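Raw contents of final09.txt, compact mmCIF, C-alpha atoms and all ligand atoms:
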```txt
# COMPACT_ATOMS: atom_id res chain seq x y z
CA MET A 1 -12.23 -56.11 98.90
CA ALA A 2 -15.88 -56.96 99.50
CA LYS A 3 -17.28 -60.40 99.01
CA THR A 4 -20.99 -61.09 98.70
CA ASN A 5 -22.81 -64.35 98.25
CA LYS A 6 -25.64 -64.13 95.81
CA THR A 7 -28.34 -66.47 94.67
CA THR A 8 -29.32 -66.90 91.06
CA MET A 9 -31.21 -69.59 89.18
CA GLY A 10 -32.57 -70.68 92.57
CA LYS A 11 -29.07 -71.91 93.49
CA THR A 12 -26.49 -70.31 95.67
CA THR A 13 -23.73 -69.09 93.44
CA MET A 14 -20.11 -69.24 94.38
CA GLY A 15 -20.02 -65.57 95.31
CA LYS A 16 -19.11 -62.36 93.62
CA THR A 17 -15.92 -60.55 94.38
CA THR A 18 -15.53 -56.88 93.69
CA MET A 19 -12.16 -55.22 93.61
CA GLY A 20 -11.44 -51.52 93.45
CA LYS A 21 -10.17 -50.50 90.04
CA THR A 22 -7.16 -48.78 91.47
CA ALA A 23 -6.68 -51.04 94.47
CA THR A 24 -3.14 -51.72 93.43
CA GLY A 25 -2.60 -48.79 91.16
CA GLU A 26 -0.13 -47.32 93.66
CA ALA A 27 2.28 -50.15 93.12
CA ALA A 28 2.06 -49.54 89.43
CA THR A 29 2.82 -45.85 89.61
CA ASN A 30 5.61 -46.16 92.10
CA GLY A 31 7.28 -49.18 90.56
CA THR A 32 9.06 -47.22 87.87
CA SER A 33 12.68 -47.87 87.06
CA ASP A 34 13.97 -44.60 88.62
CA ARG A 35 13.01 -45.66 92.08
CA LEU A 36 14.45 -49.15 92.09
CA PRO A 37 17.20 -49.84 94.62
CA ASN A 38 20.49 -51.56 93.83
CA SER A 39 21.06 -55.27 94.03
CA THR A 40 22.04 -56.79 97.38
CA LYS A 41 25.21 -58.60 98.39
CA LYS A 42 23.22 -61.78 99.00
CA GLU A 43 21.99 -62.25 95.41
CA LYS A 44 24.41 -60.54 93.12
CA SER A 45 22.76 -61.69 89.91
CA GLN A 46 19.32 -60.34 90.79
CA PRO A 47 17.92 -57.10 92.13
CA ASP A 48 17.05 -56.79 95.81
CA PHE A 49 13.43 -57.78 95.31
CA ALA A 50 12.59 -57.45 99.02
CA GLY A 51 14.07 -53.94 99.09
CA TRP A 52 12.33 -53.16 95.83
CA ALA A 53 9.01 -54.31 97.29
CA GLN A 54 9.62 -52.01 100.29
CA THR A 55 10.17 -49.11 97.90
CA ILE A 56 6.89 -49.91 96.22
CA LEU A 57 5.02 -50.36 99.51
CA HIS A 58 6.55 -47.27 101.15
CA PRO A 59 7.10 -44.81 98.32
CA THR A 60 8.38 -41.97 100.54
CA GLN A 61 11.39 -43.97 101.69
CA ASP A 62 14.64 -42.81 100.05
CA ALA A 63 15.60 -45.62 97.77
CA GLY A 64 18.92 -44.10 96.73
CA PRO A 65 20.18 -43.94 93.19
CA SER A 66 19.14 -46.68 90.82
CA LYS A 67 21.70 -48.62 88.84
CA PRO A 68 20.70 -51.16 86.21
CA THR A 69 21.05 -54.74 87.38
CA SER A 70 22.27 -57.06 84.73
CA LEU A 71 19.87 -59.58 83.27
CA PRO A 72 21.61 -62.58 81.71
CA SER A 73 21.12 -63.13 77.99
CA GLY A 74 18.27 -65.47 77.13
CA LEU A 75 14.58 -65.64 76.37
CA TYR A 76 12.31 -64.60 79.25
CA ILE A 77 8.72 -65.88 79.23
CA VAL A 78 6.96 -63.23 81.26
CA ALA A 79 3.43 -63.48 82.65
CA THR A 80 1.51 -60.19 82.76
CA PRO A 81 -1.74 -59.21 84.54
CA ILE A 82 -5.08 -60.54 83.29
CA GLY A 83 -6.90 -57.38 84.29
CA ASN A 84 -5.42 -55.95 87.46
CA LEU A 85 -2.11 -54.12 87.08
CA GLY A 86 -1.26 -55.02 90.65
CA ASP A 87 -0.69 -58.59 89.55
CA ILE A 88 2.55 -57.74 87.73
CA THR A 89 5.48 -59.39 89.49
CA LEU A 90 8.74 -57.78 90.55
CA ARG A 91 10.70 -60.13 88.31
CA ALA A 92 8.44 -59.24 85.37
CA LEU A 93 9.22 -55.55 85.91
CA TRP A 94 12.91 -56.35 86.16
CA ALA A 95 12.93 -58.33 82.92
CA LEU A 96 10.85 -55.72 81.10
CA ARG A 97 13.13 -52.95 82.34
CA GLU A 98 16.31 -54.73 81.27
CA ALA A 99 15.14 -56.35 78.03
CA ASP A 100 16.71 -55.44 74.72
CA LEU A 101 13.53 -56.40 72.89
CA VAL A 102 9.99 -57.37 73.89
CA PHE A 103 8.15 -59.84 71.67
CA CYS A 104 4.39 -59.36 72.04
CA GLU A 105 1.11 -60.17 70.32
CA ASP A 106 0.06 -56.55 69.85
CA THR A 107 2.39 -53.60 70.35
CA ARG A 108 -0.52 -51.33 71.34
CA VAL A 109 -1.59 -53.62 74.19
CA THR A 110 1.94 -54.21 75.48
CA GLY A 111 2.86 -50.56 74.92
CA LYS A 112 0.06 -49.60 77.32
CA LEU A 113 1.30 -52.07 79.91
CA LEU A 114 4.87 -50.78 79.67
CA HIS A 115 3.64 -47.21 79.87
CA ALA A 116 1.66 -47.99 83.03
CA PHE A 117 4.93 -48.94 84.70
CA GLY A 118 6.90 -46.03 83.29
CA LEU A 119 8.80 -48.21 80.84
CA SER A 120 9.47 -47.85 77.14
CA LYS A 121 11.09 -50.65 75.13
CA PRO A 122 11.59 -51.75 71.54
CA MET A 123 8.78 -54.18 70.72
CA MET A 124 8.24 -56.66 67.91
CA THR A 125 5.06 -58.62 67.23
CA CYS A 126 5.13 -62.38 67.59
CA HIS A 127 1.77 -64.02 67.00
CA ASP A 128 0.28 -67.10 65.38
CA HIS A 129 0.73 -65.67 61.88
CA ASN A 130 4.40 -64.68 62.07
CA GLU A 131 5.93 -66.74 64.88
CA GLU A 132 7.73 -69.05 62.46
CA ALA A 133 9.27 -66.07 60.66
CA ARG A 134 10.43 -64.54 63.97
CA LEU A 135 12.49 -67.57 64.99
CA ASN A 136 15.61 -66.67 63.02
CA GLU A 137 15.45 -63.07 64.21
CA ALA A 138 15.23 -64.20 67.82
CA LEU A 139 18.08 -66.70 67.46
CA ALA A 140 20.30 -64.07 65.80
CA LYS A 141 19.68 -61.64 68.69
CA LEU A 142 20.41 -64.31 71.28
CA ALA A 143 23.64 -65.08 69.44
CA LEU A 144 24.61 -61.43 70.06
CA GLY A 145 23.96 -61.89 73.80
CA GLN A 146 20.70 -59.97 73.86
CA ARG A 147 17.94 -60.33 76.46
CA LEU A 148 14.56 -61.09 74.89
CA VAL A 149 11.21 -61.01 76.64
CA LEU A 150 8.08 -62.74 75.37
CA VAL A 151 4.72 -61.53 76.68
CA SER A 152 1.17 -62.13 75.47
CA ASP A 153 -1.67 -59.60 75.59
CA ALA A 154 -2.50 -60.84 79.08
CA GLY A 155 -1.62 -63.74 81.35
CA THR A 156 0.96 -66.43 80.74
CA PRO A 157 2.39 -66.76 77.23
CA LEU A 158 1.87 -70.16 75.53
CA ILE A 159 -1.31 -70.86 77.53
CA SER A 160 -3.78 -70.61 74.61
CA ASP A 161 -1.36 -67.98 73.34
CA PRO A 162 1.63 -67.93 70.96
CA GLY A 163 5.21 -68.76 71.92
CA TYR A 164 5.56 -72.52 71.75
CA ARG A 165 7.59 -72.53 68.53
CA LEU A 166 9.83 -69.74 69.77
CA VAL A 167 10.56 -71.47 73.08
CA ARG A 168 11.21 -74.76 71.34
CA ALA A 169 13.56 -73.20 68.79
CA CYS A 170 15.54 -71.39 71.51
CA ARG A 171 15.88 -74.52 73.62
CA LYS A 172 16.88 -76.58 70.60
CA ALA A 173 19.55 -74.03 69.74
CA GLY A 174 20.87 -74.23 73.32
CA TYR A 175 19.84 -70.77 74.55
CA PRO A 176 18.44 -70.39 78.06
CA VAL A 177 14.70 -69.91 78.41
CA TYR A 178 13.59 -68.46 81.76
CA PRO A 179 9.98 -68.71 82.99
CA LEU A 180 8.78 -65.70 85.01
CA PRO A 181 5.48 -67.00 86.41
CA GLY A 182 2.51 -64.83 87.29
CA ALA A 183 -1.11 -64.31 86.35
CA SER A 184 -3.05 -66.85 84.33
CA ALA A 185 -6.82 -67.13 84.02
CA LEU A 186 -6.41 -70.91 84.16
CA LEU A 187 -4.96 -71.12 87.67
CA ALA A 188 -6.74 -68.05 89.04
CA SER A 189 -10.12 -69.59 88.14
CA LEU A 190 -9.23 -73.01 89.51
CA ALA A 191 -7.91 -71.56 92.75
CA ALA A 192 -11.19 -69.80 93.56
CA ALA A 193 -13.90 -71.91 91.86
CA GLY A 194 -14.43 -74.39 94.68
CA LEU A 195 -14.21 -77.41 92.37
CA PRO A 196 -11.73 -80.29 92.85
CA SER A 197 -8.26 -78.90 92.33
CA ASP A 198 -6.06 -81.92 93.05
CA ARG A 199 -6.32 -83.06 89.45
CA PHE A 200 -7.40 -81.02 86.47
CA THR A 201 -7.15 -80.94 82.69
CA PHE A 202 -6.77 -77.72 80.74
CA ILE A 203 -8.76 -77.94 77.50
CA GLY A 204 -8.57 -74.32 76.31
CA PHE A 205 -11.06 -73.28 73.62
CA LEU A 206 -13.41 -75.94 72.24
CA PRO A 207 -13.91 -75.83 68.45
CA SER A 208 -16.73 -73.48 67.46
CA LYS A 209 -18.16 -75.66 64.66
CA PRO A 210 -20.85 -78.08 65.96
CA THR A 211 -19.38 -81.30 64.54
CA ALA A 212 -15.83 -80.60 65.65
CA ARG A 213 -17.09 -79.46 69.06
CA ARG A 214 -19.15 -82.61 69.49
CA LYS A 215 -16.15 -84.79 68.67
CA ALA A 216 -13.95 -82.82 71.05
CA ILE A 217 -16.51 -83.24 73.84
CA GLU A 218 -16.75 -86.97 73.18
CA ALA A 219 -12.98 -87.20 73.56
CA LEU A 220 -12.86 -85.31 76.88
CA PRO A 221 -11.38 -87.20 79.83
CA GLN A 222 -13.93 -87.77 82.57
CA GLY A 223 -13.37 -88.69 86.18
CA THR A 224 -9.91 -87.18 86.12
CA GLY A 225 -10.64 -84.03 88.06
CA THR A 226 -11.81 -80.66 86.85
CA LEU A 227 -11.93 -79.76 83.15
CA ILE A 228 -11.01 -76.15 82.40
CA PHE A 229 -12.17 -74.35 79.25
CA TYR A 230 -11.59 -70.87 77.93
CA GLU A 231 -14.73 -69.55 76.27
CA SER A 232 -16.16 -66.31 74.95
CA PRO A 233 -19.31 -64.93 76.58
CA GLN A 234 -21.00 -64.99 73.15
CA ARG A 235 -20.60 -68.78 72.94
CA ILE A 236 -20.97 -69.74 76.60
CA ALA A 237 -24.66 -70.73 76.38
CA THR A 238 -24.08 -72.99 73.35
CA THR A 239 -21.01 -74.55 74.90
CA LEU A 240 -22.77 -75.23 78.21
CA THR A 241 -25.65 -76.91 76.36
CA ALA A 242 -23.26 -79.06 74.34
CA LEU A 243 -21.33 -80.03 77.48
CA SER A 244 -24.55 -80.78 79.34
CA GLU A 245 -25.57 -83.16 76.53
CA GLY A 246 -22.13 -84.71 76.27
CA LEU A 247 -20.98 -84.99 79.88
CA GLY A 248 -24.32 -85.16 81.67
CA PRO A 249 -26.60 -82.34 82.89
CA ALA A 250 -25.86 -83.01 86.57
CA CYS A 251 -22.14 -82.24 86.38
CA GLU A 252 -21.11 -79.45 88.72
CA ALA A 253 -19.70 -76.42 86.92
CA VAL A 254 -18.53 -72.86 87.56
CA THR A 255 -18.08 -69.86 85.27
CA ALA A 256 -15.38 -67.40 86.33
CA ARG A 257 -15.78 -64.03 84.61
CA GLU A 258 -13.68 -60.87 84.63
CA LEU A 259 -11.10 -62.36 86.98
CA THR A 260 -9.11 -59.78 88.97
CA LYS A 261 -11.23 -56.96 87.50
CA LEU A 262 -13.90 -54.69 88.94
CA HIS A 263 -16.81 -56.97 87.95
CA GLU A 264 -15.21 -60.29 88.87
CA GLU A 265 -17.93 -62.92 89.19
CA PHE A 266 -18.21 -66.64 89.88
CA GLN A 267 -21.44 -68.49 88.99
CA GLY A 268 -21.91 -72.08 90.11
CA GLY A 269 -24.49 -74.75 89.40
CA THR A 270 -25.03 -77.88 87.36
CA LEU A 271 -24.27 -77.79 83.65
CA GLU A 272 -28.01 -77.86 83.02
CA ASP A 273 -28.66 -74.90 85.37
CA LEU A 274 -25.87 -72.82 83.92
CA ALA A 275 -26.87 -73.61 80.33
CA ALA A 276 -30.44 -72.47 81.09
CA HIS A 277 -29.19 -69.36 82.88
CA TYR A 278 -26.90 -68.19 80.06
CA ALA A 279 -29.53 -69.04 77.42
CA GLU A 280 -31.92 -66.63 79.16
CA ILE A 281 -29.67 -63.61 79.52
CA ASP A 282 -27.78 -61.45 77.02
CA PRO A 283 -24.17 -62.58 76.62
CA PRO A 284 -22.29 -61.09 79.57
CA LYS A 285 -19.44 -58.68 79.00
CA GLY A 286 -15.78 -59.49 79.40
CA GLU A 287 -13.83 -62.74 79.50
CA MET A 288 -14.69 -66.11 80.99
CA VAL A 289 -13.31 -69.41 82.11
CA LEU A 290 -15.60 -72.44 82.45
CA LEU A 291 -14.74 -75.21 84.90
CA VAL A 292 -16.54 -78.55 84.98
CA ALA A 293 -16.21 -81.37 87.49
CA ALA A 294 -16.98 -84.15 85.00
CA ARG A 295 -17.74 -87.54 86.54
CA PRO A 296 -18.36 -90.65 84.44
CA ASP A 297 -21.31 -91.68 86.66
CA GLN A 298 -23.10 -88.46 85.65
CA ALA A 299 -22.60 -88.92 81.93
CA VAL A 300 -25.58 -89.80 79.79
CA PRO A 301 -25.04 -91.57 76.49
CA LEU A 302 -25.19 -89.11 73.62
CA ALA A 303 -28.40 -89.41 71.66
CA GLN A 304 -27.13 -91.41 68.70
CA PRO A 305 -28.84 -90.48 65.46
CA ASP A 306 -30.76 -93.23 63.81
CA LEU A 307 -28.03 -93.74 61.26
CA GLU A 308 -29.68 -96.42 59.22
CA ALA A 309 -32.98 -94.58 58.85
CA ARG A 310 -31.22 -91.37 57.88
CA LEU A 311 -29.03 -93.17 55.35
CA ARG A 312 -31.97 -94.97 53.76
CA GLN A 313 -33.70 -91.64 53.35
CA ALA A 314 -30.61 -89.99 51.83
CA LEU A 315 -30.01 -92.94 49.47
CA GLU A 316 -33.45 -92.47 47.97
CA THR A 317 -32.32 -89.30 46.22
CA LEU A 318 -28.51 -89.28 46.37
CA SER A 319 -25.65 -91.42 45.13
CA LEU A 320 -23.90 -93.64 47.71
CA ARG A 321 -21.00 -91.24 47.95
CA ASP A 322 -23.11 -88.09 48.34
CA ALA A 323 -25.43 -89.77 50.83
CA VAL A 324 -22.46 -90.86 52.96
CA ASP A 325 -20.91 -87.39 52.82
CA LEU A 326 -24.16 -85.72 53.82
CA VAL A 327 -25.00 -88.06 56.70
CA ALA A 328 -21.42 -88.02 58.03
CA LYS A 329 -21.55 -84.24 58.07
CA GLU A 330 -24.97 -84.14 59.71
CA THR A 331 -24.20 -86.64 62.44
CA GLY A 332 -20.54 -85.90 63.08
CA LEU A 333 -19.82 -89.64 62.76
CA LYS A 334 -16.69 -90.91 61.01
CA ARG A 335 -17.16 -91.13 57.24
CA LYS A 336 -15.79 -94.68 57.26
CA GLU A 337 -18.41 -95.76 59.80
CA VAL A 338 -21.23 -94.19 57.79
CA TYR A 339 -19.89 -95.69 54.56
CA GLN A 340 -19.83 -99.20 56.02
CA LYS A 341 -23.38 -98.83 57.24
CA ALA A 342 -24.44 -97.55 53.79
CA LEU A 343 -22.88 -100.63 52.18
CA THR A 344 -24.93 -102.95 54.36
CA ILE A 345 -28.03 -101.12 53.17
CA THR A 346 -27.18 -101.14 49.46
CA ASP A 347 -26.01 -104.80 49.62
CA SER A 348 -29.31 -105.90 51.09
CA VAL A 349 -31.39 -104.16 48.40
N1 LIG B 1 -2.58 -66.73 78.24
C1 LIG B 1 -3.76 -66.31 78.93
C2 LIG B 1 -3.73 -66.86 80.35
O1 LIG B 1 -2.67 -67.20 80.83
O2 LIG B 1 -4.77 -66.90 80.99
C3 LIG B 1 -5.00 -66.73 78.18
C4 LIG B 1 -5.11 -66.18 76.80
S1 LIG B 1 -6.53 -66.72 75.94
C5 LIG B 1 -6.21 -66.07 74.33
C6 LIG B 1 -7.78 -65.61 76.48
C7 LIG B 1 -8.86 -66.33 77.30
O3 LIG B 1 -8.43 -66.45 78.66
C8 LIG B 1 -10.16 -65.57 77.39
O4 LIG B 1 -10.99 -65.83 76.26
C9 LIG B 1 -10.76 -66.12 78.65
O5 LIG B 1 -11.34 -67.39 78.43
C10 LIG B 1 -9.51 -66.28 79.53
N2 LIG B 1 -9.28 -65.05 80.31
C11 LIG B 1 -8.27 -64.17 80.17
N3 LIG B 1 -8.37 -63.19 81.07
C12 LIG B 1 -9.46 -63.47 81.83
C13 LIG B 1 -10.10 -62.83 82.93
N4 LIG B 1 -9.64 -61.71 83.46
N5 LIG B 1 -11.21 -63.42 83.46
C14 LIG B 1 -11.70 -64.55 82.94
N6 LIG B 1 -11.14 -65.19 81.90
C15 LIG B 1 -10.04 -64.66 81.35
```
When written as structure tokens, how does the structure in this file appear?
Amino acid sequence: MAKTNKTTMGKTTMGKTTMGKTATGEAATNGTSDRLPNSTKKEKSQPDFAGWAQTILHPTQDAGPSKPTSLPSGLYIVATPIGNLGDITLRALWALREADLVFCEDTRVTGKLLHAFGLSKPMMTCHDHNEEARLNEALAKLALGQRLVLVSDAGTPLISDPGYRLVRACRKAGYPVYPLPGASALLASLAAAGLPSDRFTFIGFLPSKPTARRKAIEALPQGTGTLIFYESPQRIATTLTALSEGLGPACEAVTARELTKLHEEFQGGTLEDLAAHYAEIDPPKGEMVLLVAARPDQAVPLAQPDLEARLRQALETLSLRDAVDLVAKETGLKRKEVYQKALTITDSV
């Protein structure tokens, strides 16, 4: 793994890490079910993960015949790699190998992952549009003592991904739900960004519509550590500009792109610097996380629109109701607030 510091925008960036595409591909190819050793005496209910790891690390060693190790019935929430197959965990492989059914967002994506590890399993989609309908099916299978796995396309299920309703329904019905932790863009980015990590707030995706985004930014907690956003490269410049206006241009921020992949890249600077940088270039490829160390002392008050002037202008041609609707939409202010202001204007005429 090579690490280079690079300078862009006249600022030293946080460094760029490049990883070989197949750096951990060996583990993937050798970690197939045929080669897995038996469980140990120490931990009867689980495979011998240390022995298993040895088999993966030293593929020529005779691992002996493989017998399936029983996986208790329940729902397994399994994290999967966010780009680098080497980030699969031994427990994830175990659960995927033993599962009766794998719930996933997209059977093509998860099929590829299973194939990479020499596995083939029945799969069923579970995404935002059908999760509610899947609940009864899942509960019926758990009642039969089956072992269900939930994965998302990448990373940890439920983190800006489906699964919450399924987990809640299983817990409510008294079935065990087992977390199998692993990769997540959220923690991977925080761990390497170089921003305060003792306290942080995960925001996920900001709304894409300007008014909703502005309101969401106004409601962000400040001074409580690092704020972490998921964002698409196509929207990163707009989001950085909106955050710079809302939280203050001097806030320190980092973009973490293509984590764990060949073109992994961290860019650091102030919100203002980063907004200018991304406004200048074509949207970068891949996936991104944005981290912001928001401090109240760096916030600048949002430029408040001159509400009264705008309302007076709108009232010249529109009814009270239409003028209020229009100005509320334009400014992103609460309709009630705009309405009350409009009344003071009409009352004084
Ligand atoms: N559940 C996933 C997790 O645990 O990270 C996140 C799913 S969310 C639908 C997808 C978003 O996660 C992307 O738009 C991006 O913001 C972030 N993301 C996922 N993989 C990433 C990667 N390799 N590098 C940077 N960001 C990534």
Please report as a tab-separated table every residue of stretch 94-199 of chain A lying within 9 Å of stretch 76-79 of chain A, along with the nearest atom pair and their distance in Å (one decimal), using only C-alpha atoms.
```
residue	atom	partner	partner_atom	distance
A:Ala95	CA	A:Tyr76	CA	7.3
A:Leu96	CA	A:Val78	CA	8.5
A:Ala99	CA	A:Tyr76	CA	8.8
A:Arg147	CA	A:Tyr76	CA	7.6
A:Leu148	CA	A:Tyr76	CA	6.0
A:Val149	CA	A:Tyr76	CA	4.6
A:Leu150	CA	A:Ile77	CA	5.0
A:Val151	CA	A:Val78	CA	5.4
A:Ser152	CA	A:Ala79	CA	7.6
A:Ala154	CA	A:Ala79	CA	7.4
A:Gly155	CA	A:Ala79	CA	5.2
A:Thr156	CA	A:Ala79	CA	4.3
A:Pro157	CA	A:Ala79	CA	6.4
A:Leu158	CA	A:Ile77	CA	8.9
A:Gly163	CA	A:Ile77	CA	8.6
A:Val167	CA	A:Ile77	CA	8.5
A:Pro176	CA	A:Tyr76	CA	8.5
A:Val177	CA	A:Tyr76	CA	5.9
A:Tyr178	CA	A:Tyr76	CA	4.8
A:Pro179	CA	A:Ile77	CA	4.9
A:Leu180	CA	A:Val78	CA	4.8
A:Pro181	CA	A:Ala79	CA	5.5
A:Gly182	CA	A:Ala79	CA	4.9
A:Ala183	CA	A:Ala79	CA	5.9
A:Ser184	CA	A:Ala79	CA	7.5
```
Using 7 Å as the limit and counting all atoms listed in the file, can you tabulate each residue of chain A that touches ligand LIG 1 (chain B), with its shortest atom-to-atom distance in Å and the two atoms involved, as JSON lines?
```
{"residue": "A:Ile82", "atom": "CA", "partner": "B:LIG1", "partner_atom": "N4", "distance": 4.7}
{"residue": "A:Gly83", "atom": "CA", "partner": "B:LIG1", "partner_atom": "N4", "distance": 5.2}
{"residue": "A:Ser152", "atom": "CA", "partner": "B:LIG1", "partner_atom": "N1", "distance": 6.5}
{"residue": "A:Ala154", "atom": "CA", "partner": "B:LIG1", "partner_atom": "C1", "distance": 5.6}
{"residue": "A:Gly155", "atom": "CA", "partner": "B:LIG1", "partner_atom": "O1", "distance": 3.7}
{"residue": "A:Thr156", "atom": "CA", "partner": "B:LIG1", "partner_atom": "O1", "distance": 3.7}
{"residue": "A:Pro157", "atom": "CA", "partner": "B:LIG1", "partner_atom": "N1", "distance": 5.1}
{"residue": "A:Leu158", "atom": "CA", "partner": "B:LIG1", "partner_atom": "N1", "distance": 6.2}
{"residue": "A:Ile159", "atom": "CA", "partner": "B:LIG1", "partner_atom": "N1", "distance": 4.4}
{"residue": "A:Ser160", "atom": "CA", "partner": "B:LIG1", "partner_atom": "S1", "distance": 4.9}
{"residue": "A:Asp161", "atom": "CA", "partner": "B:LIG1", "partner_atom": "N1", "distance": 5.2}
{"residue": "A:Ala183", "atom": "CA", "partner": "B:LIG1", "partner_atom": "O1", "distance": 6.4}
{"residue": "A:Ser184", "atom": "CA", "partner": "B:LIG1", "partner_atom": "O1", "distance": 3.5}
{"residue": "A:Ala185", "atom": "CA", "partner": "B:LIG1", "partner_atom": "O2", "distance": 3.7}
{"residue": "A:Leu186", "atom": "CA", "partner": "B:LIG1", "partner_atom": "O2", "distance": 5.4}
{"residue": "A:Tyr230", "atom": "CA", "partner": "B:LIG1", "partner_atom": "O5", "distance": 3.5}
{"residue": "A:Glu231", "atom": "CA", "partner": "B:LIG1", "partner_atom": "O5", "distance": 4.6}
{"residue": "A:Ser232", "atom": "CA", "partner": "B:LIG1", "partner_atom": "O4", "distance": 5.4}
{"residue": "A:Ala256", "atom": "CA", "partner": "B:LIG1", "partner_atom": "C14", "distance": 5.8}
{"residue": "A:Arg257", "atom": "CA", "partner": "B:LIG1", "partner_atom": "C14", "distance": 4.4}
{"residue": "A:Glu258", "atom": "CA", "partner": "B:LIG1", "partner_atom": "N5", "distance": 3.7}
{"residue": "A:Leu259", "atom": "CA", "partner": "B:LIG1", "partner_atom": "N5", "distance": 3.7}
{"residue": "A:Thr260", "atom": "CA", "partner": "B:LIG1", "partner_atom": "N4", "distance": 5.9}
{"residue": "A:Lys261", "atom": "CA", "partner": "B:LIG1", "partner_atom": "N4", "distance": 6.4}
{"residue": "A:Glu287", "atom": "CA", "partner": "B:LIG1", "partner_atom": "N6", "distance": 4.4}
{"residue": "A:Met288", "atom": "CA", "partner": "B:LIG1", "partner_atom": "N6", "distance": 3.8}
{"residue": "A:Val289", "atom": "CA", "partner": "B:LIG1", "partner_atom": "O5", "distance": 4.6}
```
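Atom CA of A:Thr110 lies 20.3 Å from atom CA of A:Ala133.
Going from atom CA of A:His263 to atom CA of A:Arg199 covers 28.2 Å.
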Quiz item: Smallest atom-to-atom distance to A:Phe200: which of A:Phe103, A:Phe49, A:Phe229, A:Tyr164, using all atoms listed in the file?
Solution: A:Phe229
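Atom CA of A:Ser73 lies 12.3 Å from atom CA of A:Ala140.
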Practice problem: For a cut-off of 8 Å around (9.1, -59.0, 94.3), file coordinates, pick out all residues using only C-alpha atoms and list them as a count of residues only. | Solution: 7
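With all atoms listed in the file as the basis for measurement, A:Glu131 is the residue among A:Glu264, A:Asp153, A:Glu131, A:Asp198 that approaches A:Ala169 most closely.
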Practice problem: For A:Thr224, work out the shell of residues within 12 Å, counting all atoms listed in the file and skipping chain neighbours fewer than 6 positions away, then give it as a ChimeraX atom specification. | Solution: /A:196-202,292-296
Practice problem: Give the answer as one residue: which of A:Ala188, A:Leu220, A:Leu311, A:Leu247 has the shortest atom-to-atom distance to A:Thr346, using all atoms listed in the file? | Solution: A:Leu311
Quiz item: Hey, which of A:Thr255, A:Ser208, A:Thr226, A:Gln46 ends up closest to A:Thr239? Count all atoms listed in the file.
Solution: A:Ser208
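If you measure from each of A:Leu75, A:Ile88, A:Ala192, A:Val327 to A:Gly145 using all atoms listed in the file, the closest one turns out to be A:Leu75.
Summary of the local environment: counting only C-alpha atoms, residues at most 7 Å from stretch 334-344 of chain A, other than itself and those fewer than 5 positions away along its chain, are Leu311, Val324, Asp325 and Ala328 of chain A.
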Exercise. Considering all atoms listed in the file, state which residue in the set A:Thr80, A:Gln267, A:Ser348, A:Thr241 is at the smallest distance from A:Ser189.
Key: A:Gln267
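The environment of A:Ala237 within 9 Å, counting all atoms listed in the file and disregarding residues fewer than 2 places along the same chain, consists of A:Pro233, A:Gln234, A:Arg235, A:Thr239, A:Leu240, A:Thr241, A:Ala242, A:Leu274, A:Ala275, A:Ala276, A:His277, A:Tyr278, A:Ala279, A:Glu280, A:Pro283.
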